[in-house]
file final.cif (mmCIF, C-alpha atoms and all ligand atoms)
data_upload
loop_
_atom_site.group_PDB
_atom_site.id
_atom_site.type_symbol
_atom_site.label_atom_id
_atom_site.label_comp_id
_atom_site.auth_asym_id
_atom_site.auth_seq_id
_atom_site.Cartn_x
_atom_site.Cartn_y
_atom_site.Cartn_z
ATOM 1 C CA MET A 1 -11.271 24.274 9.657
ATOM 2 C CA THR A 2 -14.210 23.039 7.671
ATOM 3 C CA LEU A 3 -14.866 21.195 4.449
ATOM 4 C CA PRO A 4 -15.223 23.223 1.225
ATOM 5 C CA ARG A 5 -18.212 21.066 0.175
ATOM 6 C CA ARG A 6 -20.070 17.965 1.280
ATOM 7 C CA PRO A 7 -18.394 14.817 -0.077
ATOM 8 C CA LYS A 8 -20.456 12.449 -2.250
ATOM 9 C CA GLY A 9 -18.082 9.545 -1.721
ATOM 10 C CA PHE A 10 -15.169 8.514 0.483
ATOM 11 C CA MET A 11 -11.742 6.946 0.078
ATOM 12 C CA PHE A 12 -10.173 5.708 3.300
ATOM 13 C CA ASP A 13 -6.575 4.820 3.904
ATOM 14 C CA LEU A 14 -6.203 1.596 5.887
ATOM 15 C CA ASP A 15 -3.106 1.699 8.175
ATOM 16 C CA GLY A 16 -3.389 4.555 10.668
ATOM 17 C CA THR A 17 -6.884 5.525 9.523
ATOM 18 C CA LEU A 18 -9.198 2.489 9.796
ATOM 19 C CA ILE A 19 -6.802 0.083 11.533
ATOM 20 C CA LEU A 20 -3.400 -0.214 13.175
ATOM 21 C CA SER A 21 -1.553 -3.411 12.391
ATOM 22 C CA ASN A 22 0.780 -5.200 14.753
ATOM 23 C CA ARG A 23 3.451 -6.568 12.397
ATOM 24 C CA LYS A 24 5.021 -8.848 15.020
ATOM 25 C CA LEU A 25 1.740 -10.543 15.895
ATOM 26 C CA GLY A 26 0.391 -10.290 12.353
ATOM 27 C CA SER A 27 -2.817 -8.879 13.830
ATOM 28 C CA TYR A 28 -4.960 -5.776 13.425
ATOM 29 C CA GLN A 29 -6.643 -3.391 15.810
ATOM 30 C CA VAL A 30 -9.641 -1.393 14.590
ATOM 31 C CA ILE A 31 -9.418 2.370 15.190
ATOM 32 C CA PRO A 32 -12.376 3.692 17.242
ATOM 33 C CA GLY A 33 -15.157 5.015 15.023
ATOM 34 C CA ALA A 34 -14.173 2.989 11.949
ATOM 35 C CA VAL A 35 -16.924 0.398 12.419
ATOM 36 C CA GLU A 36 -19.613 3.042 12.981
ATOM 37 C CA VAL A 37 -18.537 5.158 9.979
ATOM 38 C CA LEU A 38 -18.442 2.248 7.509
ATOM 39 C CA THR A 39 -21.740 0.895 8.836
ATOM 40 C CA GLU A 40 -23.388 4.300 8.448
ATOM 41 C CA LEU A 41 -22.048 4.816 4.879
ATOM 42 C CA GLU A 42 -23.345 1.381 3.939
ATOM 43 C CA ARG A 43 -26.754 2.161 5.498
ATOM 44 C CA ARG A 44 -26.997 5.474 3.610
ATOM 45 C CA GLY A 45 -25.804 3.980 0.316
ATOM 46 C CA VAL A 46 -22.889 6.442 0.065
ATOM 47 C CA PRO A 47 -20.078 5.086 -2.187
ATOM 48 C CA TYR A 48 -16.811 4.387 -0.361
ATOM 49 C CA LEU A 49 -13.717 2.232 -0.571
ATOM 50 C CA ALA A 50 -10.462 1.590 1.234
ATOM 51 C CA LEU A 51 -7.186 1.895 -0.664
ATOM 52 C CA THR A 52 -4.095 0.767 1.183
ATOM 53 C CA ASN A 53 -0.546 1.157 -0.088
ATOM 54 C CA GLY A 54 0.162 -2.301 1.333
ATOM 55 C CA SER A 55 0.651 -4.704 -1.563
ATOM 56 C CA ALA A 56 1.430 -7.899 0.379
ATOM 57 C CA TYR A 57 -2.012 -9.492 0.023
ATOM 58 C CA PRO A 58 -4.867 -9.497 -2.466
ATOM 59 C CA ALA A 59 -8.237 -8.265 -1.098
ATOM 60 C CA ALA A 60 -9.471 -11.862 -0.947
ATOM 61 C CA LYS A 61 -6.774 -12.591 1.672
ATOM 62 C CA GLN A 62 -6.853 -9.319 3.609
ATOM 63 C CA GLY A 63 -10.637 -8.861 3.653
ATOM 64 C CA PRO A 64 -11.357 -11.885 5.878
ATOM 65 C CA ARG A 65 -8.595 -10.872 8.313
ATOM 66 C CA LEU A 66 -10.049 -7.365 8.644
ATOM 67 C CA ARG A 67 -13.577 -8.709 9.156
ATOM 68 C CA GLU A 68 -12.243 -11.124 11.780
ATOM 69 C CA VAL A 69 -11.202 -8.176 13.982
ATOM 70 C CA GLY A 70 -14.557 -6.483 13.421
ATOM 71 C CA LEU A 71 -14.053 -4.076 10.489
ATOM 72 C CA PRO A 72 -17.206 -4.406 8.373
ATOM 73 C CA ILE A 73 -15.647 -4.168 4.897
ATOM 74 C CA VAL A 74 -16.357 -6.520 1.986
ATOM 75 C CA ASP A 75 -13.571 -7.594 -0.411
ATOM 76 C CA GLY A 76 -15.193 -5.536 -3.176
ATOM 77 C CA HIS A 77 -14.552 -2.317 -1.212
ATOM 78 C CA LEU A 78 -10.901 -3.094 -0.532
ATOM 79 C CA PHE A 79 -8.135 -2.164 -2.973
ATOM 80 C CA THR A 80 -4.339 -2.176 -3.115
ATOM 81 C CA PRO A 81 -1.730 -0.760 -5.533
ATOM 82 C CA ASN A 82 -1.874 -4.196 -7.201
ATOM 83 C CA SER A 83 -5.512 -3.471 -8.118
ATOM 84 C CA VAL A 84 -4.423 -0.217 -9.810
ATOM 85 C CA ALA A 85 -1.447 -1.954 -11.481
ATOM 86 C CA GLY A 86 -3.556 -4.866 -12.739
ATOM 87 C CA LYS A 87 -6.018 -2.518 -14.444
ATOM 88 C CA LEU A 88 -3.235 -0.333 -15.881
ATOM 89 C CA PHE A 89 -1.068 -3.206 -17.167
ATOM 90 C CA LYS A 90 -4.084 -4.646 -18.962
ATOM 91 C CA GLU A 91 -4.880 -1.267 -20.570
ATOM 92 C CA ARG A 92 -1.239 -0.868 -21.635
ATOM 93 C CA GLY A 93 -1.174 -4.389 -23.081
ATOM 94 C CA TYR A 94 1.887 -5.807 -21.295
ATOM 95 C CA GLN A 95 2.367 -9.495 -22.071
ATOM 96 C CA ASN A 96 4.839 -10.379 -19.326
ATOM 97 C CA VAL A 97 5.538 -8.354 -16.178
ATOM 98 C CA LEU A 98 8.669 -9.040 -14.142
ATOM 99 C CA VAL A 99 7.538 -8.885 -10.495
ATOM 100 C CA LEU A 100 9.751 -8.150 -7.502
ATOM 101 C CA GLY A 101 7.254 -9.149 -4.846
ATOM 102 C CA THR A 102 5.896 -11.882 -2.596
ATOM 103 C CA PRO A 103 3.624 -14.675 -3.900
ATOM 104 C CA GLY A 104 0.706 -12.518 -2.683
ATOM 105 C CA VAL A 105 1.681 -9.782 -5.162
ATOM 106 C CA VAL A 106 1.904 -12.273 -8.038
ATOM 107 C CA GLU A 107 -1.432 -13.809 -6.981
ATOM 108 C CA ALA A 108 -3.103 -10.376 -7.046
ATOM 109 C CA LEU A 109 -1.762 -9.476 -10.516
ATOM 110 C CA THR A 110 -2.515 -12.927 -11.920
ATOM 111 C CA GLY A 111 -6.057 -12.484 -10.596
ATOM 112 C CA HIS A 112 -6.325 -9.411 -12.838
ATOM 113 C CA GLY A 113 -5.269 -11.511 -15.837
ATOM 114 C CA ILE A 114 -1.642 -10.319 -15.934
ATOM 115 C CA ARG A 115 1.053 -12.856 -16.858
ATOM 116 C CA CYS A 116 3.917 -12.476 -14.387
ATOM 117 C CA SER A 117 7.510 -13.696 -14.384
ATOM 118 C CA LEU A 118 9.922 -13.823 -11.462
ATOM 119 C CA PRO A 119 13.675 -13.073 -11.459
ATOM 120 C CA GLY A 120 15.454 -16.271 -12.485
ATOM 121 C CA ASP A 121 12.588 -17.417 -14.737
ATOM 122 C CA GLU A 122 13.670 -17.901 -18.340
ATOM 123 C CA ASP A 123 10.979 -15.516 -19.649
ATOM 124 C CA ALA A 124 11.967 -12.812 -17.119
ATOM 125 C CA LYS A 125 14.642 -11.826 -19.660
ATOM 126 C CA SER A 126 11.925 -10.806 -22.123
ATOM 127 C CA ALA A 127 9.564 -9.076 -19.644
ATOM 128 C CA ASP A 128 8.016 -5.949 -21.177
ATOM 129 C CA ALA A 129 7.502 -4.173 -17.825
ATOM 130 C CA VAL A 130 8.959 -4.317 -14.293
ATOM 131 C CA TYR A 131 6.878 -3.992 -11.098
ATOM 132 C CA SER A 132 8.259 -3.736 -7.552
ATOM 133 C CA ALA A 133 6.051 -4.253 -4.498
ATOM 134 C CA TRP A 134 6.118 -5.790 -0.997
ATOM 135 C CA PHE A 135 9.219 -7.991 -1.052
ATOM 136 C CA PRO A 136 11.060 -8.379 2.300
ATOM 137 C CA GLU A 137 13.195 -11.237 0.857
ATOM 138 C CA CYS A 138 14.476 -9.223 -2.105
ATOM 139 C CA SER A 139 18.054 -10.245 -3.020
ATOM 140 C CA MET A 140 20.771 -8.567 -5.073
ATOM 141 C CA ALA A 141 20.072 -11.095 -7.858
ATOM 142 C CA ASP A 142 16.451 -9.852 -7.938
ATOM 143 C CA ILE A 143 17.557 -6.213 -8.160
ATOM 144 C CA HIS A 144 20.063 -7.157 -10.867
ATOM 145 C CA ALA A 145 17.356 -8.868 -12.966
ATOM 146 C CA ALA A 146 14.980 -5.894 -12.653
ATOM 147 C CA ALA A 147 17.665 -3.292 -13.324
ATOM 148 C CA GLY A 148 18.691 -5.231 -16.453
ATOM 149 C CA ARG A 149 15.182 -5.064 -17.893
ATOM 150 C CA VAL A 150 14.833 -1.377 -17.002
ATOM 151 C CA LEU A 151 18.186 -0.615 -18.693
ATOM 152 C CA ASP A 152 16.870 -2.462 -21.761
ATOM 153 C CA GLY A 153 13.933 -0.043 -21.846
ATOM 154 C CA ALA A 154 11.157 -1.905 -19.986
ATOM 155 C CA PRO A 155 8.861 0.580 -18.172
ATOM 156 C CA PHE A 156 9.405 0.567 -14.399
ATOM 157 C CA TYR A 157 6.437 0.598 -11.996
ATOM 158 C CA THR A 158 6.084 0.310 -8.238
ATOM 159 C CA ALA A 159 3.269 -0.267 -5.764
ATOM 160 C CA SER A 160 4.619 2.285 -3.316
ATOM 161 C CA ASP A 161 7.563 4.646 -2.968
ATOM 162 C CA VAL A 162 6.828 5.564 0.651
ATOM 163 C CA PRO A 163 9.675 4.934 3.128
ATOM 164 C CA PHE A 164 7.537 4.275 6.240
ATOM 165 C CA PHE A 165 3.943 3.459 7.187
ATOM 166 C CA ALA A 166 2.040 3.486 10.512
ATOM 167 C CA THR A 167 1.725 0.372 12.693
ATOM 168 C CA SER A 168 0.778 -0.051 16.342
ATOM 169 C CA GLU A 169 4.512 -0.278 17.184
ATOM 170 C CA GLY A 170 5.408 2.898 15.290
ATOM 171 C CA PRO A 171 6.708 3.412 11.742
ATOM 172 C CA ALA A 172 7.405 0.261 9.684
ATOM 173 C CA PHE A 173 9.833 0.058 6.768
ATOM 174 C CA GLY A 174 8.588 0.299 3.170
ATOM 175 C CA TYR A 175 10.496 -2.399 1.296
ATOM 176 C CA SER A 176 9.497 -1.379 -2.230
ATOM 177 C CA CYS A 177 10.858 2.139 -1.593
ATOM 178 C CA ALA A 178 14.275 0.697 -0.724
ATOM 179 C CA ILE A 179 14.186 -1.616 -3.771
ATOM 180 C CA ASN A 180 13.237 1.328 -5.999
ATOM 181 C CA GLY A 181 16.180 3.299 -4.618
ATOM 182 C CA ALA A 182 18.583 0.519 -5.572
ATOM 183 C CA ILE A 183 17.191 0.157 -9.114
ATOM 184 C CA HIS A 184 17.173 3.927 -9.598
ATOM 185 C CA ARG A 185 20.769 4.288 -8.455
ATOM 186 C CA VAL A 186 21.859 1.789 -11.086
ATOM 187 C CA THR A 187 19.573 2.727 -13.989
ATOM 188 C CA GLY A 188 18.853 6.422 -13.400
ATOM 189 C CA LYS A 189 15.148 5.598 -13.881
ATOM 190 C CA GLU A 190 12.439 6.500 -11.354
ATOM 191 C CA PRO A 191 9.438 4.184 -11.125
ATOM 192 C CA GLN A 192 5.888 5.183 -11.916
ATOM 193 C CA VAL A 193 3.854 4.699 -8.720
ATOM 194 C CA THR A 194 0.531 2.841 -8.933
ATOM 195 C CA GLY A 195 -0.368 3.344 -5.248
ATOM 196 C CA LYS A 196 -0.936 6.606 -3.403
ATOM 197 C CA PRO A 197 -0.111 9.510 -3.921
ATOM 198 C CA SER A 198 -0.092 8.923 -7.684
ATOM 199 C CA GLN A 199 -2.768 10.348 -9.950
ATOM 200 C CA LEU A 200 -3.092 6.804 -11.347
ATOM 201 C CA ALA A 201 -4.412 5.854 -7.902
ATOM 202 C CA MET A 202 -6.674 8.938 -7.700
ATOM 203 C CA ASP A 203 -8.146 8.165 -11.155
ATOM 204 C CA PHE A 204 -8.676 4.547 -10.110
ATOM 205 C CA VAL A 205 -10.568 5.654 -6.960
ATOM 206 C CA ALA A 206 -12.756 8.094 -8.920
ATOM 207 C CA ALA A 207 -13.594 5.420 -11.508
ATOM 208 C CA LYS A 208 -14.447 2.835 -8.818
ATOM 209 C CA LEU A 209 -16.689 5.282 -6.920
ATOM 210 C CA GLY A 210 -18.248 6.614 -10.137
ATOM 211 C CA LEU A 211 -17.568 10.193 -9.017
ATOM 212 C CA LEU A 212 -15.364 13.143 -9.950
ATOM 213 C CA PRO A 213 -12.283 13.615 -7.746
ATOM 214 C CA SER A 214 -13.783 16.930 -6.532
ATOM 215 C CA GLU A 215 -16.765 14.996 -5.112
ATOM 216 C CA ILE A 216 -14.579 12.588 -3.137
ATOM 217 C CA ALA A 217 -13.156 12.964 0.372
ATOM 218 C CA VAL A 218 -9.718 11.321 0.647
ATOM 219 C CA ILE A 219 -9.012 10.471 4.284
ATOM 220 C CA GLY A 220 -5.640 9.403 5.595
ATOM 221 C CA ASP A 221 -2.908 9.752 8.195
ATOM 222 C CA ASP A 222 -0.012 10.665 5.897
ATOM 223 C CA PRO A 223 0.339 14.111 4.253
ATOM 224 C CA LYS A 224 2.795 12.762 1.644
ATOM 225 C CA VAL A 225 0.482 9.905 0.724
ATOM 226 C CA GLU A 226 -3.262 10.619 0.901
ATOM 227 C CA ILE A 227 -3.295 14.403 1.150
ATOM 228 C CA GLU A 228 -0.710 15.030 -1.575
ATOM 229 C CA MET A 229 -2.870 12.862 -3.838
ATOM 230 C CA ALA A 230 -6.064 14.687 -2.808
ATOM 231 C CA VAL A 231 -4.614 18.178 -3.341
ATOM 232 C CA ALA A 232 -3.029 17.336 -6.731
ATOM 233 C CA GLY A 233 -6.196 15.588 -7.908
ATOM 234 C CA GLY A 234 -8.656 18.243 -6.707
ATOM 235 C CA ALA A 235 -10.311 15.983 -4.113
ATOM 236 C CA ILE A 236 -11.289 16.967 -0.566
ATOM 237 C CA GLY A 237 -8.441 16.102 1.827
ATOM 238 C CA ILE A 238 -9.069 15.037 5.418
ATOM 239 C CA GLY A 239 -6.133 14.285 7.723
ATOM 240 C CA VAL A 240 -6.411 12.135 10.847
ATOM 241 C CA THR A 241 -4.113 12.151 13.887
ATOM 242 C CA SER A 242 -4.701 8.440 14.650
ATOM 243 C CA GLY A 243 -1.619 7.369 12.629
ATOM 244 C CA THR A 244 1.805 8.783 11.745
ATOM 245 C CA THR A 245 1.008 12.522 11.863
ATOM 246 C CA SER A 246 0.267 14.687 14.922
ATOM 247 C CA ALA A 247 -1.951 17.800 14.929
ATOM 248 C CA GLU A 248 1.198 19.969 15.110
ATOM 249 C CA GLN A 249 2.719 18.166 12.123
ATOM 250 C CA TRP A 250 -0.491 18.582 10.112
ATOM 251 C CA ALA A 251 -0.500 22.316 10.879
ATOM 252 C CA ALA A 252 3.058 22.625 9.530
ATOM 253 C CA GLN A 253 2.352 21.109 6.084
ATOM 254 C CA PRO A 254 3.036 23.107 2.904
ATOM 255 C CA ALA A 255 0.076 23.981 0.620
ATOM 256 C CA GLU A 256 0.518 20.896 -1.591
ATOM 257 C CA ARG A 257 0.016 18.620 1.438
ATOM 258 C CA ARG A 258 -2.433 20.662 3.495
ATOM 259 C CA PRO A 259 -5.772 18.960 4.212
ATOM 260 C CA ASP A 260 -9.092 20.811 4.180
ATOM 261 C CA LEU A 261 -9.839 19.376 7.620
ATOM 262 C CA VAL A 262 -7.860 17.651 10.384
ATOM 263 C CA ILE A 263 -9.689 15.295 12.758
ATOM 264 C CA GLU A 264 -8.528 13.133 15.635
ATOM 265 C CA SER A 265 -9.978 9.976 14.178
ATOM 266 C CA ILE A 266 -12.635 9.085 11.647
ATOM 267 C CA ALA A 267 -15.209 8.946 14.481
ATOM 268 C CA GLU A 268 -15.406 12.739 14.023
ATOM 269 C CA LEU A 269 -16.812 12.295 10.516
ATOM 270 C CA LEU A 270 -20.024 11.078 12.119
ATOM 271 C CA GLU A 271 -20.045 13.719 14.839
ATOM 272 C CA GLY A 272 -19.356 16.478 12.295
ATOM 273 C CA GLY A 273 -22.219 15.349 10.053
ATOM 274 C CA TRP A 274 -19.886 14.927 7.059
ATOM 275 C CA LEU A 275 -21.114 11.572 5.838
ATOM 276 C CA GLY A 276 -23.332 12.974 3.107
HETATM 277 MG MG MG B 301 -1.706 5.216 6.477
#

call {"tool": "encode", "arguments": {"input": "final.cif", "output": "structure tokens"}}
result
Amino acid sequence: MTLPRRPKGFMFDLDGTLILSNRKLGSYQVIPGAVEVLTELERRGVPYLALTNGSAYPAAKQGPRLREVGLPIVDGHLFTPNSVAGKLFKERGYQNVLVLGTPGVVEALTGHGIRCSLPGDEDAKSADAVYSAWFPECSMADIHAAAGRVLDGAPFYTASDVPFFATSEGPAFGYSCAINGAIHRVTGKEPQVTGKPSQLAMDFVAAKLGLLPSEIAVIGDDPKVEIEMAVAGGAIGIGVTSGTTSAEQWAAQPAERRPDLVIESIAELLEGGWLG
């Protein structure tokens, strides 16, 4: 396996690609090679960013925690589905977005200039869009409020519709996916995803890097997340085996989720001379 062309910029997944998080301890472990690769890209002036599907924290909260464990990434290179949603909601002119998410989700959207309401708020009844994200405490009343707005015609968005993501203790549960399932069952409406593997996310990455998707290498541990986005968007897909997917599982992927290259960890990007 080899790359079809030399990438001009890089998008890295976070969990399973640059780090493994320990949910119980609330800590991170940097994957070998991640520090060297980011340092080298920075030194060479190659554009790169990290886009996680985790929506729990804004970059200003997560950035310091990642740097604390040694990952040399500045807040300005770190993005979440909330970053994509904030930009999109502004472009689409929503005045009031009903959020099913933690205070960190609301903080991130508010930081993008989006007015948010929460289930139970008086103005939640007039929200002109609904957004579901990281929300472990979601209650039936929350789902009821969101489903009501969606049934009334408010567009339905979500940070992520992925059931599981990689942690150091194995797969962790994707809360927004479960919430989306409940709202869909009631309303018949599927959410539009702002995180990976959506083309909204791919377009966001290309705009941030100032490159065409075809010039970008999308690197991740999940075929249904990063590689599906890369293939559909015409980017270069690189799969790693440091997260949820083994070499055997990568080899068994259908064409729409097949990476151009599979590597053990991102350390091989340096060894392979792929950094541009
Ligand atoms: Mg991942």

call {"tool": "atom_distance", "arguments": {"input": "final.cif", "atom1": "atom CA of Pro7 of chain A", "atom2": "atom CA of Gln62 of chain A"}}
result
27.0 Å

call {"tool": "atom_distance", "arguments": {"input": "final.cif", "atom1": "atom CA of Thr244 of chain A", "atom2": "atom CA of Ser55 of chain A"}}
result
19.0 Å

call {"tool": "residues_around", "arguments": {"input": "final.cif", "residues": "Gly272 of chain A", "least_positions_apart": "3", "cutoff": "12 Å", "atoms": "all atoms listed in the file", "output": "short mmCIF file (atom, residue, chain, number, x, y, z; two decimals) with C-alpha atoms, in the coordinates of the input"}}
result
data_model
loop_
_atom_site.label_atom_id
_atom_site.label_comp_id
_atom_site.auth_asym_id
_atom_site.auth_seq_id
_atom_site.Cartn_x
_atom_site.Cartn_y
_atom_site.Cartn_z
CA MET A 1 -11.27 24.27 9.66
CA THR A 2 -14.21 23.04 7.67
CA LEU A 3 -14.87 21.20 4.45
CA ARG A 6 -20.07 17.96 1.28
CA VAL A 37 -18.54 5.16 9.98
CA LEU A 261 -9.84 19.38 7.62
CA VAL A 262 -7.86 17.65 10.38
CA ILE A 263 -9.69 15.30 12.76
CA GLU A 264 -8.53 13.13 15.64
CA SER A 265 -9.98 9.98 14.18
CA ILE A 266 -12.64 9.09 11.65
CA ALA A 267 -15.21 8.95 14.48
CA GLU A 268 -15.41 12.74 14.02
CA LEU A 269 -16.81 12.30 10.52
CA LEU A 275 -21.11 11.57 5.84
CA GLY A 276 -23.33 12.97 3.11
#

call {"tool": "closest_atom_pairs", "arguments": {"input": "final.cif", "of": "chain A", "to": "ligand MG 301 (chain B)", "cutoff": "9 Å", "atoms": "only C-alpha atoms and all ligand atoms", "output": "CSV"}}
result
residue,atom,partner,partner_atom,distance
A:Asp13,CA,B:MG301,MG,5.5
A:Leu14,CA,B:MG301,MG,5.8
A:Asp15,CA,B:MG301,MG,4.1
A:Gly16,CA,B:MG301,MG,4.6
A:Thr17,CA,B:MG301,MG,6.0
A:Leu18,CA,B:MG301,MG,8.6
A:Ile19,CA,B:MG301,MG,8.8
A:Leu20,CA,B:MG301,MG,8.8
A:Thr52,CA,B:MG301,MG,7.3
A:Asn53,CA,B:MG301,MG,7.8
A:Phe165,CA,B:MG301,MG,6.0
A:Ala166,CA,B:MG301,MG,5.8
A:Thr167,CA,B:MG301,MG,8.6
A:Gly220,CA,B:MG301,MG,5.8
A:Asp221,CA,B:MG301,MG,5.0
A:Asp222,CA,B:MG301,MG,5.7
A:Val225,CA,B:MG301,MG,7.7
A:Glu226,CA,B:MG301,MG,7.9
A:Gly243,CA,B:MG301,MG,6.5
A:Thr244,CA,B:MG301,MG,7.3

call {"tool": "atom_distance", "arguments": {"input": "final.cif", "atom1": "atom CA of Gly210 of chain A", "atom2": "atom CA of Thr194 of chain A"}}
result
19.2 Å

call {"tool": "residues_near_point", "arguments": {"input": "final.cif", "point": "(-14.3, 17.8, -2.4)", "cutoff": "6 Å", "atoms": "all atoms listed in the file", "output": "mmCIF file with C-alpha atoms, in the coordinates of the input"}}
result
data_model
loop_
_atom_site.group_PDB
_atom_site.id
_atom_site.type_symbol
_atom_site.label_atom_id
_atom_site.label_comp_id
_atom_site.auth_asym_id
_atom_site.auth_seq_id
_atom_site.Cartn_x
_atom_site.Cartn_y
_atom_site.Cartn_z
ATOM 1 C CA ARG A 5 -18.212 21.066 0.175
ATOM 2 C CA PRO A 7 -18.394 14.817 -0.077
ATOM 3 C CA SER A 214 -13.783 16.930 -6.532
ATOM 4 C CA GLU A 215 -16.765 14.996 -5.112
ATOM 5 C CA ILE A 216 -14.579 12.588 -3.137
ATOM 6 C CA ALA A 217 -13.156 12.964 0.372
ATOM 7 C CA ALA A 235 -10.311 15.983 -4.113
ATOM 8 C CA ILE A 236 -11.289 16.967 -0.566
#

call {"tool": "closest_residue", "arguments": {"input": "final.cif", "among": "A:Gly45, A:Gly153, A:Gly104, A:Gly111", "to": "Gly86 of chain A", "atoms": "all atoms listed in the file"}}
result
A:Gly111

call {"tool": "closest_residue", "arguments": {"input": "final.cif", "among": "A:Ala50, A:Leu100, A:Ala172, A:Ala147", "to": "Lys196 of chain A", "atoms": "only C-alpha atoms"}}
result
A:Ala50

call {"tool": "closest_residue", "arguments": {"input": "final.cif", "among": "A:Ile219, A:Leu209, A:Leu38, A:Ala56", "to": "Ser176 of chain A", "atoms": "all atoms listed in the file"}}
result
A:Ala56

call {"tool": "residues_around", "arguments": {"input": "final.cif", "residues": "Glu190 of chain A", "least_positions_apart": "6", "cutoff": "9 Å", "atoms": "only C-alpha atoms", "output": "list in words"}}
result
Phe156, Tyr157, Asn180, Gly181, Ile183 and His184 of chain A

call {"tool": "closest_residue", "arguments": {"input": "final.cif", "among": "A:Thr102, A:Gln253, A:Asn96, A:Ser27", "to": "Cys116 of chain A", "atoms": "all atoms listed in the file"}}
result
A:Asn96

call {"tool": "closest_residue", "arguments": {"input": "final.cif", "among": "A:Phe79, A:Phe164, A:Phe135, A:Trp250", "to": "Ala201 of chain A", "atoms": "only C-alpha atoms"}}
result
A:Phe79

call {"tool": "residues_around", "arguments": {"input": "final.cif", "residues": "Gly148 of chain A", "least_positions_apart": "5", "cutoff": "9 Å", "atoms": "all atoms listed in the file", "output": "list in words"}}
result
Lys125, Ile143, Gly153, Ala154 and Thr187 of chain A

call {"tool": "residues_around", "arguments": {"input": "final.cif", "residues": "Glu228 of chain A", "least_positions_apart": "2", "cutoff": "8 Å", "atoms": "all atoms listed in the file", "output": "VMD selection string"}}
result
chain A and resid 197 223 to 226 230 to 232 256 to 258

call {"tool": "build_atoms", "arguments": {"input": "final.cif", "residues": "segment 3-19 of chain A", "atoms": "N, CA and C atoms", "output": "PDB file, in the frame of the given file"}}
result
ATOM      1  N   LEU A   3     -14.978  21.724   5.800  1.00  0.00           N
ATOM      2  CA  LEU A   3     -14.866  21.195   4.449  1.00  0.00           C
ATOM      3  C   LEU A   3     -15.400  22.198   3.433  1.00  0.00           C
ATOM      4  N   PRO A   4     -14.774  22.279   2.250  1.00  0.00           N
ATOM      5  CA  PRO A   4     -15.223  23.223   1.225  1.00  0.00           C
ATOM      6  C   PRO A   4     -16.584  22.838   0.649  1.00  0.00           C
ATOM      7  N   ARG A   5     -16.927  21.560   0.680  1.00  0.00           N
ATOM      8  CA  ARG A   5     -18.212  21.066   0.175  1.00  0.00           C
ATOM      9  C   ARG A   5     -18.459  19.691   0.772  1.00  0.00           C
ATOM     10  N   ARG A   6     -19.699  19.259   0.698  1.00  0.00           N
ATOM     11  CA  ARG A   6     -20.070  17.965   1.280  1.00  0.00           C
ATOM     12  C   ARG A   6     -19.644  16.838   0.333  1.00  0.00           C
ATOM     13  N   PRO A   7     -18.842  15.906   0.801  1.00  0.00           N
ATOM     14  CA  PRO A   7     -18.394  14.817  -0.077  1.00  0.00           C
ATOM     15  C   PRO A   7     -19.552  13.912  -0.518  1.00  0.00           C
ATOM     16  N   LYS A   8     -19.447  13.411  -1.755  1.00  0.00           N
ATOM     17  CA  LYS A   8     -20.456  12.449  -2.250  1.00  0.00           C
ATOM     18  C   LYS A   8     -19.956  11.010  -2.141  1.00  0.00           C
ATOM     19  N   GLY A   9     -18.656  10.872  -1.876  1.00  0.00           N
ATOM     20  CA  GLY A   9     -18.082   9.545  -1.721  1.00  0.00           C
ATOM     21  C   GLY A   9     -16.791   9.650  -0.920  1.00  0.00           C
ATOM     22  N   PHE A  10     -16.306   8.501  -0.424  1.00  0.00           N
ATOM     23  CA  PHE A  10     -15.169   8.514   0.483  1.00  0.00           C
ATOM     24  C   PHE A  10     -14.123   7.472   0.113  1.00  0.00           C
ATOM     25  N   MET A  11     -12.854   7.890   0.168  1.00  0.00           N
ATOM     26  CA  MET A  11     -11.742   6.946   0.078  1.00  0.00           C
ATOM     27  C   MET A  11     -10.992   6.969   1.397  1.00  0.00           C
ATOM     28  N   PHE A  12     -10.897   5.810   2.039  1.00  0.00           N
ATOM     29  CA  PHE A  12     -10.173   5.708   3.300  1.00  0.00           C
ATOM     30  C   PHE A  12      -8.844   5.008   3.095  1.00  0.00           C
ATOM     31  N   ASP A  13      -7.828   5.541   3.752  1.00  0.00           N
ATOM     32  CA  ASP A  13      -6.575   4.820   3.904  1.00  0.00           C
ATOM     33  C   ASP A  13      -6.844   3.700   4.921  1.00  0.00           C
ATOM     34  N   LEU A  14      -5.999   2.701   4.945  1.00  0.00           N
ATOM     35  CA  LEU A  14      -6.203   1.596   5.887  1.00  0.00           C
ATOM     36  C   LEU A  14      -5.338   1.785   7.149  1.00  0.00           C
ATOM     37  N   ASP A  15      -4.009   1.625   7.014  1.00  0.00           N
ATOM     38  CA  ASP A  15      -3.106   1.699   8.175  1.00  0.00           C
ATOM     39  C   ASP A  15      -3.051   3.116   8.748  1.00  0.00           C
ATOM     40  N   GLY A  16      -3.439   3.252  10.003  1.00  0.00           N
ATOM     41  CA  GLY A  16      -3.389   4.555  10.668  1.00  0.00           C
ATOM     42  C   GLY A  16      -4.691   5.321  10.565  1.00  0.00           C
ATOM     43  N   THR A  17      -5.608   4.832   9.733  1.00  0.00           N
ATOM     44  CA  THR A  17      -6.884   5.525   9.523  1.00  0.00           C
ATOM     45  C   THR A  17      -8.069   4.646   9.945  1.00  0.00           C
ATOM     46  N   LEU A  18      -8.136   3.424   9.400  1.00  0.00           N
ATOM     47  CA  LEU A  18      -9.198   2.489   9.796  1.00  0.00           C
ATOM     48  C   LEU A  18      -8.669   1.453  10.799  1.00  0.00           C
ATOM     49  N   ILE A  19      -7.397   1.098  10.648  1.00  0.00           N
ATOM     50  CA  ILE A  19      -6.802   0.083  11.533  1.00  0.00           C
ATOM     51  C   ILE A  19      -5.359   0.453  11.885  1.00  0.00           C
TER      52      ILE A  19
END
